[in-house]
$ cat protein.txt   # compact mmCIF, C-alpha atoms and all ligand atoms
# COMPACT_ATOMS: atom_id res chain seq x y z
CA MET A 1 4.45 0.94 -13.26
CA ASP A 2 0.74 0.28 -13.82
CA ALA A 3 -2.11 2.74 -13.24
CA LYS A 4 -2.92 1.38 -9.78
CA GLN A 5 0.68 1.72 -8.61
CA THR A 6 0.92 5.22 -10.12
CA GLY A 7 -2.21 6.24 -8.20
CA LEU A 8 -0.87 4.76 -4.98
CA GLU A 9 2.47 6.58 -5.43
CA ARG A 10 0.61 9.87 -5.99
CA ASN A 11 -1.54 9.18 -2.91
CA LEU A 12 1.58 8.44 -0.83
CA ALA A 13 3.26 11.66 -2.01
CA GLU A 14 0.20 13.70 -1.01
CA ILE A 15 -0.09 12.04 2.40
CA LEU A 16 3.63 12.46 3.09
CA LYS A 17 3.35 16.17 2.18
CA ARG A 18 0.50 16.56 4.65
CA ALA A 19 2.46 14.64 7.31
CA ALA A 20 5.46 16.92 6.67
CA ASP A 21 3.24 20.00 7.10
CA VAL A 22 1.96 18.68 10.46
CA ALA A 23 5.49 17.78 11.58
CA CYS A 24 6.62 21.33 10.72
CA GLN A 25 3.81 22.80 12.79
CA ILE A 26 4.77 20.60 15.76
CA GLN A 27 8.42 21.63 15.39
CA ALA A 28 7.45 25.31 15.27
CA ILE A 29 5.49 24.96 18.53
CA GLU A 30 8.30 23.07 20.25
CA GLN A 31 11.01 25.47 19.03
CA GLY A 32 9.18 28.62 20.09
CA SER A 33 10.06 32.04 18.76
CA GLY A 34 13.85 31.70 18.44
CA THR A 35 15.74 30.74 15.29
CA PRO A 36 16.40 26.99 15.44
CA HIS A 37 19.79 25.52 14.59
CA PHE A 38 19.57 23.13 11.62
CA ASP A 39 20.19 20.17 13.99
CA GLU A 40 16.94 21.09 15.75
CA ILE A 41 15.12 20.78 12.41
CA GLU A 42 16.94 17.70 11.12
CA MET A 43 16.73 15.45 14.18
CA PRO A 44 12.97 15.64 14.80
CA ALA A 45 12.41 15.30 11.01
CA HIS A 46 14.49 12.12 11.03
CA GLU A 47 12.45 10.82 13.97
CA VAL A 48 9.23 11.30 11.94
CA GLY A 49 10.77 9.12 9.22
CA ARG A 50 11.64 6.43 11.73
CA ARG A 51 8.09 6.42 13.07
CA LEU A 52 6.73 6.01 9.54
CA SER A 53 9.18 3.17 8.88
CA CYS A 54 8.04 1.26 11.98
CA LEU A 55 4.38 1.69 10.98
CA VAL A 56 5.08 0.38 7.46
CA GLN A 57 7.09 -2.59 8.77
CA ALA A 58 4.44 -3.64 11.30
CA SER A 59 1.58 -3.20 8.84
CA ARG A 60 3.25 -5.00 5.95
CA ALA A 61 4.43 -7.89 8.14
CA GLY A 62 0.83 -8.26 9.36
CA GLU A 63 -0.43 -8.36 5.77
CA VAL A 64 2.12 -11.02 4.85
CA ALA A 65 1.14 -13.09 7.92
CA ALA A 66 -2.55 -12.82 7.02
CA GLU A 67 -1.82 -14.12 3.50
CA GLN A 68 -0.14 -17.30 4.79
CA ASP A 69 -1.82 -20.69 4.49
CA THR A 70 -3.41 -22.01 7.71
CA ASP A 71 -1.52 -25.30 7.38
CA ILE A 72 1.93 -26.01 6.02
CA ASP A 73 4.09 -29.10 5.66
CA CYS A 74 6.99 -29.52 8.07
CA PRO A 75 10.24 -28.98 6.13
CA ASP A 76 11.80 -31.99 7.91
CA CYS A 77 9.15 -34.74 7.96
CA GLY A 78 6.47 -33.36 5.63
CA ARG A 79 3.67 -33.63 8.21
CA SER A 80 0.94 -31.00 7.85
CA CYS A 81 1.19 -28.49 10.72
CA HIS A 82 -1.19 -25.76 11.79
CA VAL A 83 0.10 -22.21 11.32
CA GLU A 84 -0.44 -19.79 14.19
CA ILE A 85 -0.09 -16.03 14.30
CA ASN A 86 2.23 -14.63 16.99
CA LYS A 87 3.05 -11.13 18.12
CA ARG A 88 6.65 -10.40 18.92
CA GLU A 89 8.60 -7.29 19.90
CA VAL A 90 11.45 -6.64 17.50
CA HIS A 91 14.06 -3.91 17.38
CA SER A 92 14.23 -2.79 13.78
CA MET A 93 16.92 -0.43 12.49
CA ASP A 94 14.36 2.38 12.96
CA GLY A 95 13.17 1.41 16.41
CA PRO A 96 11.10 -1.12 18.34
CA LEU A 97 7.86 -2.43 16.93
CA GLU A 98 5.36 -5.20 17.51
CA LEU A 99 5.63 -7.68 14.66
CA ILE A 100 2.88 -10.09 13.68
CA GLU A 101 4.36 -13.24 12.21
CA THR A 102 3.36 -16.81 11.48
CA VAL A 103 4.87 -19.82 13.20
CA ALA A 104 4.10 -23.52 12.91
CA HIS A 105 5.05 -26.28 15.33
CA CYS A 106 5.66 -29.88 14.32
CA ARG A 107 4.83 -32.19 17.20
CA ARG A 108 6.55 -35.12 15.54
CA CYS A 109 9.88 -33.29 15.11
CA ARG A 110 9.35 -31.17 18.25
CA ARG A 111 10.39 -28.03 16.45
CA SER A 112 8.86 -24.74 15.38
CA PHE A 113 9.42 -23.16 12.00
CA PHE A 114 8.50 -19.95 10.28
CA PRO A 115 6.50 -20.51 7.07
CA SER A 116 7.55 -17.14 5.65
CA ALA A 117 11.27 -17.81 6.16
ZN ZN B 201 8.20 -32.53 11.32
$ encode --input "protein.txt" --output "C-alpha cells"
Amino acid sequence: MDAKQTGLERNLAEILKRAADVACQIQAIEQGSGTPHFDEIEMPAHEVGRRLSCLVQASRAGEVAAEQDTDIDCPDCGRSCHVEINKREVHSMDGPLELIETVAHCRRCRRSFFPSA
C-alpha cells in the first residue's frame, strides 16, 4: 500500500467514525429514553451501511463511465461508434440506485453494446 492509499484509508476510517457517531445520535433520538433491544441497534446500523454502499457504487460507476473513450470500435464489425452516457435505475444487493454507464450503438449492426463490459 503506497502513501496515498494509506492516507485515503486513514481518511475513510475517520469519516466512517464520524458517520457512526451521527448514526448513533439519530438512533438515540428515535429510540427515546427506553433501553433498546439489540435488534433495534443492529437493523438501523445495517441500513446505514447499505446507504453507504449505494453511494459508493453510484459514484464509482460514474467515475468509470467518465474515464471511457468517447468512441469505441464495434466488437462485431469494427466500425467506430460514439459512446454515450446513460442513467439507469438498478437494484443492487444493497438497494436501488441510479447508475451512470456508457453505451454505444452501432448503426451498421443495429445493436448496442457496453464498452465497459
Ligand atoms: Zn457493428
$ residues_near_ligand --input "protein.txt" --ligand "ligand ZN 201 (chain B)" --cutoff "9 Å" --atoms "all atoms listed in the file" --output "PyMOL selection string"
chain A and resi 73-81+105-112
$ closest_residue --input "protein.txt" --among "A:Cys24, A:Ile72, A:Ala65, A:Leu16" --to "Leu52 of chain A" --atoms "all atoms listed in the file"
A:Leu16
$ atom_distance --input "protein.txt" --atom1 "atom CA of Pro36 of chain A" --atom2 "atom CA of Ala23 of chain A"
14.8 Å
$ residues_around --input "protein.txt" --residues "segment 88-90 of chain A" --least-positions-apart "6" --cutoff "8 Å" --atoms "only C-alpha atoms" --output "VMD selection string"
chain A and resid 96 to 101
$ axis_aligned_box --input "protein.txt" --around "segment 105-115 of chain A" --padding-each-side "5 Å" --output "AutoDock Vina command-line options"
--center_x 7.6 --center_y -27.5 --center_z 12.7 --size_x 15.6 --size_y 25.2 --size_z 21.2
